[in-house]
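Colleague: This is the content of data_13.txt (compact mmCIF, C-alpha atoms and all ligand atoms):
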# COMPACT_ATOMS: atom_id res chain seq x y z
CA MET A 234 43.45 9.34 7.21
CA LEU A 235 42.63 11.51 10.19
CA MET A 236 45.27 14.22 10.43
CA GLU A 237 45.82 16.99 12.91
CA ILE A 238 44.95 20.45 11.72
CA LYS A 239 48.02 22.53 11.12
CA LYS A 240 48.00 25.89 12.79
CA ALA A 241 50.01 28.64 11.10
CA ALA A 242 52.36 30.35 13.55
CA PRO A 243 50.89 33.57 14.99
CA GLY A 244 51.73 36.58 12.93
CA LYS A 245 52.94 34.42 10.10
CA GLY A 246 50.91 33.18 7.21
CA THR A 247 47.92 35.38 7.91
CA MET A 248 46.09 36.10 4.79
CA ALA A 249 43.81 38.68 3.40
CA PHE A 250 40.53 37.08 2.60
CA SER A 251 38.77 38.63 -0.31
CA PRO A 252 36.20 37.49 -2.82
CA GLY A 253 38.93 37.70 -5.41
CA ASP A 254 40.77 34.86 -3.69
CA THR A 255 37.93 32.48 -3.97
CA GLY A 256 35.93 33.19 -7.04
CA ASP A 257 33.33 30.63 -6.12
CA LEU A 258 32.12 32.74 -3.21
CA ILE A 259 30.39 34.90 -5.75
CA ASP A 260 27.62 32.79 -7.10
CA ASP A 261 24.03 32.37 -6.19
CA ASN A 262 24.40 28.82 -5.07
CA THR A 263 24.59 29.81 -1.43
CA ILE A 264 22.26 29.00 1.40
CA LEU A 265 21.88 31.26 4.42
CA VAL A 266 21.16 29.43 7.66
CA GLN A 267 19.79 31.96 10.11
CA ARG A 268 20.02 30.07 13.37
CA THR A 269 22.39 28.16 15.59
CA LEU A 270 22.71 24.53 14.61
CA ARG A 271 22.34 22.45 17.75
CA SER A 272 23.43 18.93 18.58
CA GLY A 273 21.79 16.42 16.27
CA GLN A 274 20.97 18.92 13.55
CA LYS A 275 22.60 18.93 10.15
CA VAL A 276 22.64 20.95 6.98
CA HIS A 277 23.82 19.41 3.71
CA PHE A 278 23.93 21.63 0.66
CA ASP A 279 25.20 21.51 -2.88
CA GLY A 280 26.91 24.90 -2.82
CA ASN A 281 28.13 27.30 -0.14
CA ILE A 282 26.68 27.50 3.34
CA VAL A 283 26.61 30.67 5.43
CA VAL A 284 25.51 30.28 9.02
CA LEU A 285 24.33 33.25 11.08
CA GLY A 286 24.83 31.55 14.42
CA ASP A 287 26.96 28.80 15.89
CA ILE A 288 27.55 25.21 14.89
CA ASN A 289 27.40 23.44 18.23
CA PRO A 290 29.09 20.16 19.18
CA GLY A 291 27.12 17.27 17.69
CA ALA A 292 25.87 19.36 14.75
CA GLU A 293 27.08 18.78 11.20
CA VAL A 294 27.42 21.02 8.16
CA VAL A 295 28.37 19.60 4.78
CA ALA A 296 28.80 21.77 1.68
CA THR A 297 30.21 21.07 -1.75
CA GLY A 298 31.46 24.68 -1.62
CA ASN A 299 32.66 26.89 1.24
CA VAL A 300 31.35 27.15 4.76
CA ILE A 301 31.22 30.57 6.40
CA VAL A 302 30.06 30.83 9.99
CA MET A 303 29.29 34.16 11.65
CA GLY A 304 29.75 32.57 15.04
CA SER A 305 31.56 29.60 16.57
CA ILE A 306 32.22 26.27 14.92
CA ARG A 307 32.32 23.57 17.57
CA GLY A 308 30.79 20.72 15.59
CA VAL A 309 31.77 18.89 12.40
CA VAL A 310 32.17 20.84 9.18
CA HIS A 311 32.92 19.51 5.72
CA ALA A 312 33.66 21.95 2.90
CA GLY A 313 34.31 20.90 -0.69
CA ALA A 314 32.52 17.66 0.05
CA ALA A 315 32.43 16.66 -3.62
CA GLY A 316 36.21 16.97 -3.84
CA ASP A 317 36.87 20.70 -4.27
CA GLU A 318 40.33 21.25 -2.78
CA GLU A 319 39.94 25.04 -3.06
CA ALA A 320 37.05 25.14 -0.63
CA VAL A 321 37.53 27.03 2.66
CA VAL A 322 35.96 27.09 6.09
CA MET A 323 35.75 30.40 7.89
CA ALA A 324 34.41 31.23 11.35
CA PHE A 325 34.56 33.92 14.00
CA ARG A 326 35.71 31.20 16.36
CA LEU A 327 37.06 28.09 14.74
CA LYS A 328 37.02 25.26 17.29
CA PRO A 329 35.66 22.31 15.34
CA THR A 330 35.30 18.76 16.61
CA GLN A 331 36.44 17.73 13.17
CA LEU A 332 37.14 19.69 10.05
CA ARG A 333 37.03 18.19 6.59
CA ILE A 334 37.99 19.77 3.31
CA ALA A 335 37.56 17.67 0.17
CA THR A 336 39.04 14.30 1.16
CA HIS A 337 41.18 15.66 3.99
CA ILE A 338 39.83 14.78 7.43
CA THR A 339 41.40 16.64 10.32
CA ARG A 340 40.90 17.23 14.02
CA PRO A 341 42.35 19.80 16.38
CA PRO A 342 45.52 18.79 18.22
CA ASP A 343 44.78 16.94 21.49
CA GLU A 344 46.47 19.51 23.67
CA GLN A 345 44.02 22.36 24.24
CA ALA A 346 45.18 25.51 22.54
CA GLY A 347 42.67 27.88 24.15
CA ASP A 348 40.03 29.82 22.31
CA PRO A 349 40.97 31.54 19.09
CA GLU A 350 40.63 35.24 19.54
CA GLN A 351 40.06 36.29 15.97
CA PRO A 352 38.24 35.00 12.94
CA GLU A 353 40.12 32.21 11.19
CA VAL A 354 40.13 30.45 7.85
CA ALA A 355 40.94 26.83 7.17
CA ARG A 356 42.05 25.75 3.73
CA ILE A 357 44.30 23.24 2.07
CA LYS A 358 47.84 24.50 1.73
CA ASN A 359 50.55 22.27 0.31
CA GLY A 360 48.29 19.29 0.80
CA VAL A 361 47.64 20.03 4.48
CA VAL A 362 44.59 21.60 6.09
CA THR A 363 45.93 24.80 7.62
CA ILE A 364 44.27 27.37 9.86
CA GLU A 365 45.18 30.99 9.51
CA ALA A 366 44.01 34.21 11.07
CA LEU A 367 41.66 36.16 8.87
CA LEU A 368 43.17 39.49 8.05
CA THR A 369 40.75 42.32 8.02
CA ASP A 370 41.91 44.52 5.25
CA ARG A 371 41.46 48.24 5.59
CA GLN A 372 41.34 48.78 1.86
CA GLY A 373 38.13 47.10 1.69
CA VAL A 374 37.24 43.67 1.08
CA ILE A 375 36.19 42.11 4.36
CA MET B 183 14.12 37.70 30.70
CA GLU B 184 11.04 36.91 28.74
CA THR B 185 8.99 36.48 31.90
CA ALA B 186 9.82 40.02 32.97
CA SER B 187 7.55 41.34 30.25
CA LYS B 188 4.67 39.59 31.94
CA GLU B 189 5.25 41.39 35.19
CA GLY B 190 2.16 42.98 36.60
CA GLU B 191 -0.28 40.91 34.69
CA LEU B 192 -1.37 37.66 36.25
CA ALA B 193 0.20 34.77 34.38
CA LEU B 194 -2.86 32.57 34.30
CA SER B 195 -2.72 28.88 33.52
CA GLU B 196 0.68 28.12 32.26
CA VAL B 197 1.67 24.65 31.19
CA ILE B 198 5.39 24.23 31.79
CA VAL B 199 7.36 21.13 30.81
CA VAL B 200 10.60 20.27 32.62
CA THR B 201 12.99 18.52 30.23
CA SER B 202 16.67 17.59 29.99
CA GLY B 203 17.65 14.98 27.43
CA LYS B 204 20.16 13.27 29.67
CA GLY B 205 18.72 11.25 32.53
CA GLY B 206 19.26 11.83 36.21
CA VAL B 207 20.13 15.52 36.05
CA GLY B 208 17.25 16.69 38.24
CA LYS B 209 13.98 17.00 36.30
CA THR B 210 11.87 15.27 38.92
CA THR B 211 13.56 17.18 41.75
CA THR B 212 12.95 20.43 39.89
CA THR B 213 9.30 19.60 39.13
CA ALA B 214 8.62 18.74 42.78
CA ASN B 215 10.33 21.85 44.10
CA LEU B 216 8.58 24.17 41.64
CA GLY B 217 5.27 22.59 42.57
CA VAL B 218 5.76 22.81 46.31
CA GLY B 219 7.27 26.29 46.05
CA LEU B 220 4.36 27.66 44.04
CA ALA B 221 1.72 25.86 46.13
CA SER B 222 3.26 27.15 49.37
CA GLN B 223 2.53 30.64 48.09
CA GLY B 224 -1.11 29.77 47.60
CA HIS B 225 -1.08 28.94 43.91
CA LYS B 226 -3.10 26.09 42.47
CA VAL B 227 -0.65 23.69 40.90
CA ALA B 228 -1.00 20.35 39.09
CA LEU B 229 2.10 18.21 38.65
CA VAL B 230 1.95 15.69 35.83
CA ASP B 231 4.32 12.72 35.86
CA ALA B 232 4.85 12.00 32.18
CA ASP B 233 7.62 9.50 32.86
CA ILE B 234 5.35 6.55 32.14
CA GLY B 235 6.84 3.24 33.16
CA LEU B 236 9.36 4.86 35.50
CA ARG B 237 7.20 6.99 37.70
CA ASN B 238 8.81 8.57 40.72
CA LEU B 239 7.37 12.02 41.20
CA ASP B 240 4.86 10.41 43.59
CA VAL B 241 7.70 8.97 45.65
CA VAL B 242 9.56 12.26 45.79
CA LEU B 243 6.37 13.94 47.03
CA GLY B 244 5.65 11.11 49.48
CA LEU B 245 2.30 10.32 47.83
CA GLU B 246 2.93 6.84 46.47
CA ASN B 247 0.50 5.07 48.82
CA ARG B 248 -2.42 7.21 47.66
CA ILE B 249 -2.34 6.26 44.00
CA VAL B 250 -5.46 4.54 42.73
CA TYR B 251 -5.69 5.72 39.14
CA ASP B 252 -2.95 7.03 36.88
CA ILE B 253 -2.58 9.12 33.73
CA THR B 254 -3.32 6.20 31.37
CA ASP B 255 -6.57 5.52 33.23
CA VAL B 256 -7.60 9.09 32.45
CA THR B 257 -6.59 9.05 28.78
CA GLY B 258 -8.06 5.56 28.38
CA GLY B 259 -11.38 6.73 29.78
CA HIS B 260 -11.30 4.40 32.80
CA CYS B 261 -11.74 7.25 35.25
CA ARG B 262 -12.32 10.97 35.33
CA LEU B 263 -9.42 13.35 35.68
CA ARG B 264 -10.63 14.42 39.13
CA GLN B 265 -10.49 10.86 40.38
CA ALA B 266 -6.88 10.40 39.33
CA LEU B 267 -5.59 13.67 40.79
CA ILE B 268 -3.95 13.13 44.16
CA LYS B 269 -4.11 15.94 46.68
CA ASP B 270 -0.86 16.75 48.45
CA LYS B 271 -0.58 16.12 52.19
CA ARG B 272 0.66 19.57 53.07
CA PHE B 273 -0.50 22.04 50.50
CA GLU B 274 -4.11 22.77 49.75
CA GLY B 275 -3.54 23.74 46.11
CA LEU B 276 -1.06 21.04 45.09
CA PHE B 277 -2.17 18.01 43.07
CA LEU B 278 -0.35 15.17 41.33
CA LEU B 279 -1.40 13.22 38.28
CA PRO B 280 0.76 10.10 38.61
CA ALA B 281 2.33 8.12 35.79
CA ALA B 282 1.53 4.48 35.15
CA GLN B 283 4.15 2.10 36.39
CA THR B 284 3.09 -0.93 34.40
CA LYS B 285 2.67 0.57 30.94
CA ASP B 286 5.15 2.03 28.49
CA LYS B 287 5.52 5.46 26.99
CA THR B 288 3.36 4.71 23.96
CA ALA B 289 0.34 4.23 26.26
CA VAL B 290 -0.40 7.96 25.84
CA SER B 291 -0.48 9.91 22.58
CA PRO B 292 0.50 13.55 22.05
CA GLU B 293 -3.12 14.37 21.22
CA GLU B 294 -4.34 12.85 24.47
CA MET B 295 -1.67 14.77 26.34
CA LYS B 296 -2.77 18.04 24.72
CA GLU B 297 -6.34 17.39 25.69
CA LEU B 298 -5.33 16.55 29.23
CA CYS B 299 -3.32 19.76 29.61
CA GLY B 300 -6.25 21.72 28.23
CA GLU B 301 -8.48 20.24 30.89
CA LEU B 302 -5.97 20.84 33.67
CA ARG B 303 -5.43 24.48 32.77
CA GLN B 304 -9.09 25.24 33.42
CA GLU B 305 -8.56 24.48 37.08
CA PHE B 306 -4.93 25.17 37.82
CA GLU B 307 -2.75 28.25 37.56
CA PHE B 308 0.35 26.16 36.91
CA VAL B 309 0.55 22.77 35.26
CA ILE B 310 4.07 21.38 35.50
CA ILE B 311 5.03 18.30 33.52
CA ASP B 312 7.91 16.04 34.54
CA CYS B 313 9.36 14.81 31.25
CA PRO B 314 11.13 11.46 30.85
CA ALA B 315 14.78 11.41 29.78
CA GLY B 316 15.50 10.90 26.10
CA ILE B 317 14.16 12.27 22.85
CA GLU B 318 11.67 9.55 21.97
CA GLN B 319 7.91 9.21 22.22
CA GLY B 320 7.83 10.00 25.93
CA PHE B 321 9.50 13.35 25.30
CA ARG B 322 7.13 14.14 22.43
CA ASN B 323 4.15 13.35 24.63
CA ALA B 324 5.41 15.43 27.52
CA ILE B 325 5.92 18.57 25.44
CA ALA B 326 2.76 18.24 23.33
CA GLY B 327 0.54 20.36 25.56
CA ALA B 328 3.11 22.77 26.99
CA ASP B 329 3.34 26.54 26.56
CA ARG B 330 6.83 26.88 27.97
CA ALA B 331 9.80 24.65 28.59
CA VAL B 332 12.45 24.53 31.26
CA VAL B 333 15.66 22.69 30.39
CA VAL B 334 17.67 21.22 33.26
CA THR B 335 21.34 20.38 32.89
CA THR B 336 24.29 19.62 35.11
CA PRO B 337 27.67 21.24 34.43
CA GLU B 338 28.92 18.23 32.47
CA VAL B 339 29.82 18.15 28.81
CA SER B 340 27.50 15.23 28.05
CA ALA B 341 24.52 16.76 29.87
CA VAL B 342 25.03 20.09 28.12
CA ARG B 343 25.27 18.33 24.78
CA ASP B 344 21.95 16.61 25.39
CA ALA B 345 20.39 19.85 26.61
CA ASP B 346 21.47 21.44 23.33
CA ARG B 347 19.81 18.62 21.41
CA ILE B 348 16.63 19.08 23.42
CA ILE B 349 16.60 22.84 22.84
CA GLY B 350 16.85 22.18 19.09
CA LEU B 351 13.92 19.76 19.28
CA LEU B 352 11.89 22.20 21.40
CA GLU B 353 12.51 24.94 18.87
CA ALA B 354 11.47 22.62 16.06
CA ALA B 355 8.28 21.90 18.00
CA GLU B 356 7.62 25.67 18.23
CA LEU B 357 8.30 25.79 21.96
CA ARG B 358 10.37 28.91 21.72
CA ASP B 359 12.53 30.53 24.34
CA PRO B 360 13.16 27.67 26.74
CA LYS B 361 14.74 28.63 30.08
CA LEU B 362 17.77 26.97 31.61
CA ILE B 363 18.37 25.57 35.09
CA VAL B 364 21.91 24.49 35.90
CA ASN B 365 21.75 21.91 38.69
CA ARG B 366 24.41 20.44 40.97
CA LEU B 367 26.95 23.20 40.46
CA ARG B 368 30.04 22.92 42.62
CA SER B 369 31.58 26.34 42.68
CA ARG B 370 34.84 25.13 44.16
CA MET B 371 35.36 22.76 41.25
CA VAL B 372 34.45 25.51 38.80
CA ARG B 373 37.02 27.77 40.44
CA GLN B 374 39.67 25.11 40.07
CA GLY B 375 38.78 24.69 36.42
CA ASP B 376 37.54 21.15 36.97
CA MET B 377 33.89 21.85 36.13
CA MET B 378 32.15 23.79 33.39
CA SER B 379 31.21 27.28 34.51
CA ILE B 380 27.83 28.91 33.98
CA GLU B 381 29.48 31.08 31.36
CA ASP B 382 30.79 28.05 29.46
CA ILE B 383 27.33 26.52 29.46
CA ILE B 384 25.51 29.70 28.39
CA ASP B 385 28.12 30.23 25.69
CA ILE B 386 27.04 26.99 24.02
CA LEU B 387 23.33 26.84 24.80
CA ALA B 388 22.63 30.56 24.35
CA ILE B 389 19.32 30.59 26.23
CA ASP B 390 18.13 32.55 29.28
CA LEU B 391 19.20 31.33 32.68
CA LEU B 392 16.34 30.67 35.10
CA GLY B 393 18.56 29.65 37.98
CA VAL B 394 21.54 27.78 39.35
CA VAL B 395 21.11 25.10 42.03
CA PRO B 396 24.23 24.09 43.93
CA GLU B 397 25.16 20.49 44.69
CA ASP B 398 23.65 19.94 48.13
CA ASP B 399 23.16 16.85 50.31
CA MET B 400 19.96 18.44 51.59
CA VAL B 401 18.33 17.70 48.21
CA VAL B 402 18.84 13.98 48.76
CA ILE B 403 17.91 14.12 52.43
CA SER B 404 14.68 16.01 51.75
CA THR B 405 13.78 13.76 48.84
CA ASN B 406 14.19 10.64 50.94
CA ARG B 407 11.80 12.14 53.48
CA GLY B 408 9.23 12.83 50.79
CA GLU B 409 9.77 16.55 51.25
CA ALA B 410 10.98 19.27 48.94
CA VAL B 411 14.13 21.18 49.75
CA VAL B 412 12.44 24.42 48.67
CA GLN B 413 10.74 24.38 52.10
CA ASP B 414 14.05 24.21 53.91
CA ASP B 415 14.93 27.73 54.93
CA ARG B 416 18.52 27.04 55.79
CA SER B 417 19.81 25.23 52.73
CA ARG B 418 21.34 26.95 49.73
CA SER B 419 19.61 24.66 47.30
CA GLY B 420 16.29 25.55 48.95
CA GLN B 421 17.06 29.24 48.47
CA ALA B 422 18.02 28.58 44.86
CA TYR B 423 14.69 26.86 44.22
CA ARG B 424 12.76 29.64 45.96
CA ASN B 425 14.43 32.13 43.63
CA ILE B 426 13.55 30.00 40.63
CA VAL B 427 9.93 29.91 41.78
CA GLN B 428 9.84 33.71 41.89
CA ARG B 429 11.39 33.93 38.44
CA ILE B 430 8.83 31.45 37.07
CA LYS B 431 6.21 33.86 38.37
CA GLY B 432 7.84 36.60 36.36
CA GLU B 433 9.70 38.40 39.12
CA ALA B 434 13.24 39.62 38.65
CA VAL B 435 15.30 38.02 41.41
CA PRO B 436 19.06 38.55 41.47
CA MET B 437 21.17 35.41 41.15
CA MET B 438 22.49 33.99 44.41
CA ASN B 439 26.08 34.53 45.23
CA LEU B 440 27.32 30.96 44.97
CA ASP B 441 30.84 32.16 44.89
CA GLU B 442 32.83 34.96 46.41
CA GLY B 443 34.19 35.97 43.03
CA GLY B 444 32.67 38.12 40.36
CA LEU B 445 30.26 35.33 39.55
CA MET B 446 27.16 37.08 40.77
CA TYR B 447 27.82 40.13 38.70
CA ARG B 448 28.37 38.02 35.61
CA LEU B 449 25.22 36.01 36.22
CA ARG B 450 23.14 39.11 36.70
CA ARG B 451 24.39 40.47 33.43
CA MET B 452 23.62 37.20 31.76
CA ILE B 453 19.96 37.33 32.71
CA GLY B 454 19.81 40.97 31.84
CA LEU B 455 19.38 42.42 35.32
CA LYS B 456 22.32 44.71 35.09
N1 LIG A 501 21.26 19.87 43.58
C1 LIG A 501 21.40 18.57 43.91
N2 LIG A 501 22.31 18.20 44.85
C2 LIG A 501 22.45 16.89 45.18
N3 LIG A 501 21.73 15.89 44.65
C3 LIG A 501 20.83 16.19 43.69
C4 LIG A 501 20.60 17.53 43.30
N4 LIG A 501 19.64 17.53 42.33
C5 LIG A 501 19.26 16.24 42.17
N5 LIG A 501 19.95 15.43 42.99
C6 LIG A 501 19.82 13.96 43.08
O1 LIG A 501 20.09 13.40 41.82
C7 LIG A 501 19.28 12.27 41.58
C8 LIG A 501 18.53 12.41 40.27
O2 LIG A 501 17.60 13.47 40.37
P1 LIG A 501 16.18 13.40 39.64
O3 LIG A 501 15.49 12.11 39.92
O4 LIG A 501 15.45 14.65 39.96
O5 LIG A 501 16.65 13.42 38.13
P2 LIG A 501 15.75 13.17 36.82
O6 LIG A 501 16.29 14.09 35.78
O7 LIG A 501 14.31 13.29 37.14
O8 LIG A 501 16.11 11.66 36.49
P3 LIG A 501 15.39 10.72 35.40
O9 LIG A 501 15.95 11.14 34.07
O10 LIG A 501 15.80 9.35 35.77
O11 LIG A 501 13.91 10.97 35.51
C9 LIG A 501 18.34 12.15 42.76
O12 LIG A 501 18.84 11.18 43.63
C10 LIG A 501 18.40 13.52 43.39
O13 LIG A 501 18.15 13.49 44.79
MG MG A 502 12.70 11.88 36.75
Would you give me this structure, written as structure tokens?

Modeller:
Amino acid sequence: MLMEIKKAAPGKGTMAFSPGDTGDLIDDNTILVQRTLRSGQKVHFDGNIVVLGDINPGAEVVATGNVIVMGSIRGVVHAGAAGDEEAVVMAFRLKPTQLRIATHITRPPDEQAGDPEQPEVARIKNGVVTIEALLTDRQGVI
Amino acid sequence: METASKEGELALSEVIVVTSGKGGVGKTTTTANLGVGLASQGHKVALVDADIGLRNLDVVLGLENRIVYDITDVTGGHCRLRQALIKDKRFEGLFLLPAAQTKDKTAVSPEEMKELCGELRQEFEFVIIDCPAGIEQGFRNAIAGADRAVVVTTPEVSAVRDADRIIGLLEAAELRDPKLIVNRLRSRMVRQGDMMSIEDIIDILAIDLLGVVPEDDMVVISTNRGEAVVQDDRSRSGQAYRNIVQRIKGEAVPMMNLDEGGLMYRLRRMIGLK
């Protein structure tokens, strides 16, 4: 079923994002995409996908692991495509057309919320795809 | 801008393809205005109508009644290139290679197109190709012999989406660094938040801006007369096209002030002038 993405209230539910949280970020099964994915282009990968660029509307990224985008997500992204409910999607600007994690298919709420101002992470929390601000942690990790 | 690096040295024989993805956004208008603008400054220019089956560059230039041979006659060996080239009425250095009206887009192959462009560049300083809409064979033909690409879009979500698709395909075809023309901008609508702004468009497409042409009735009026608005000294669209012509030649021309706001400043920053 196509659900709306849940947005954690500002200030609440932010989380520190560290490799310790998601052990599967540390493996060599990661592909680095060094360009912006434009409309009509897609990347499917059995593992994690890191994009150094944007994912534009009409582009599609599907990973069995996590999807990390050092830019804007405006297209369709599917993390944990083989069913991994722990998979996350992270972007500097998270404004997807549709966001899928494992078997959860979500879209942003219809009312425009404006551009996110900080990096965000989407993950499944209590069975719902939830977007949270990415805390930059002074002690280190990210 | 990439072209700025060429300043000083004569940019000899460039083959430029004008593309868009979405139809009706202004490719033919742009091709005609670039051609007339460059030719009016004494350059030798060949315009190639690659929209086979739907030719209309000849109509826009008011040259329809002079067509004897077309591009497929040249590639098919029925005539020599010289015989098919139509000389413009007004400008000494402007020539048109018309499209065929009765054939389809598979009547020419990419290899033939490459050869044709190679032949044209021996005689002309600028070869400008009017690309058909879409991403099929006609598009592949049109870009086959080009050195540079210009992407035209209007400030509409669907047109920008298609422009993005085209830029991806151009990059895949090794036509790097395409330049953007935003056509039919209505600054009042942008101000009211009812139309995408130049910033919104650049944010998604992330390519250099070659120019912004405002929505202007004079474009339609000129076109219907078989003239190009670039020759009209009073119209804003004419000024916009004249600026684009200078930028194509590698000159740094500030963006027009289409708006009383801070738009000009932002545009100048965007193309790296400030
Ligand atoms: N800046 C403008 N202001 C007003 N009208 C415009 C402007 N630019 C183009 N037009 C009009 O829009 C219509 C479509 O333009 P044009 O034929 O150049 O588009 P095209 O991209 O070549 O279309 P096609 O994909 O069918 O080849 C024409 O009637 C033209 O006069
Ligand atoms: Mg056309």

Colleague: Please find the residues of chain A near chain B - the criterion being any atom within 8 Å, counting only C-alpha atoms - and write them as number ranges by chain.

Modeller: A: 270-274, 289-291

Colleague: Which residues of chain B come within 7 Å of ligand MG 502 (chain A), and what is each one's closest atom pair and distance in Å (one decimal), counting only C-alpha atoms and all ligand atoms, sorted by chain and residue number, as CSV?

Modeller:
residue,atom,partner,partner_atom,distance
B:Gly206,CA,A:MG502,MG,6.6
B:Gly208,CA,A:MG502,MG,6.8
B:Lys209,CA,A:MG502,MG,5.3
B:Thr210,CA,A:MG502,MG,4.1
B:Asp233,CA,A:MG502,MG,6.8
B:Asn238,CA,A:MG502,MG,6.5
B:Leu239,CA,A:MG502,MG,6.9
B:Asp312,CA,A:MG502,MG,6.7
B:Pro314,CA,A:MG502,MG,6.1

Colleague: Edge lengths and centre in Å to one decimal, as lines of an AutoDock Vina configuration file, is what I'm after for the box along x, y and z that holds all listed atoms of ligand LIG 501 (chain A) once 4 Å is added on each side.

Modeller:
center_x = 18.2
center_y = 14.6
center_z = 39.6
size_x = 16.5
size_y = 18.5
size_z = 19.1

Colleague: Which is closer to Val401 (chain B) than all the others in B:Arg373, B:Arg366, B:Arg303, B:Arg330, using only C-alpha atoms?

Modeller: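 That would be B:Arg366, the residue with the smallest distance to Val401 (chain B).
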
Colleague: Return as a ChimeraX atom specification every polymer residue, whether protein, DNA or RNA, with at least one atom no more than 10 Å from an atom of ligand LIG 501 (chain A); count only C-alpha atoms and all ligand atoms.

Modeller: /B:200-215,231-233,236-239,242,312-316,334-336,364-368,394-406,411,418-420,422-423

Colleague: Considering all atoms listed in the file, state which residue in the set A:Val284, A:His277, A:Arg340, A:Lys328 is at the smallest distance from Ala315 (chain A).

Modeller: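 For Ala315 (chain A), the nearest of the given residues is A:His277.
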
Colleague: Nearest to Gln267 (chain A): which of A:Gly304, A:Gly360, A:Gly298, A:Gly286 is it, counting all atoms listed in the file?

Modeller: A:Gly286

Colleague: Pick out the residues sitting within 10 Å of Ser305 (chain A), and hand them over as a PyMOL selection string; count only C-alpha atoms, and ignore anything fewer than 3 positions along from it in its own chain.

Modeller: (chain A and resi 269+284-289+302+308+323-329+349+352) or (chain B and resi 385-386)

Colleague: Quick one: everything within 9 Å of region 246-252 of chain B, counting all atoms listed in the file, minus sequence neighbours fewer than 3 positions away in the same chain. Send it as a ChimeraX atom specification.

Modeller: /B:238-243,255-256,260-261,265-269,279-283

Colleague: May I ask which of the residues A:Ile264, A:Val300, A:Pro342, A:Val322 is the closest one to Glu365 (chain A), counting only C-alpha atoms?

Modeller: A:Val322
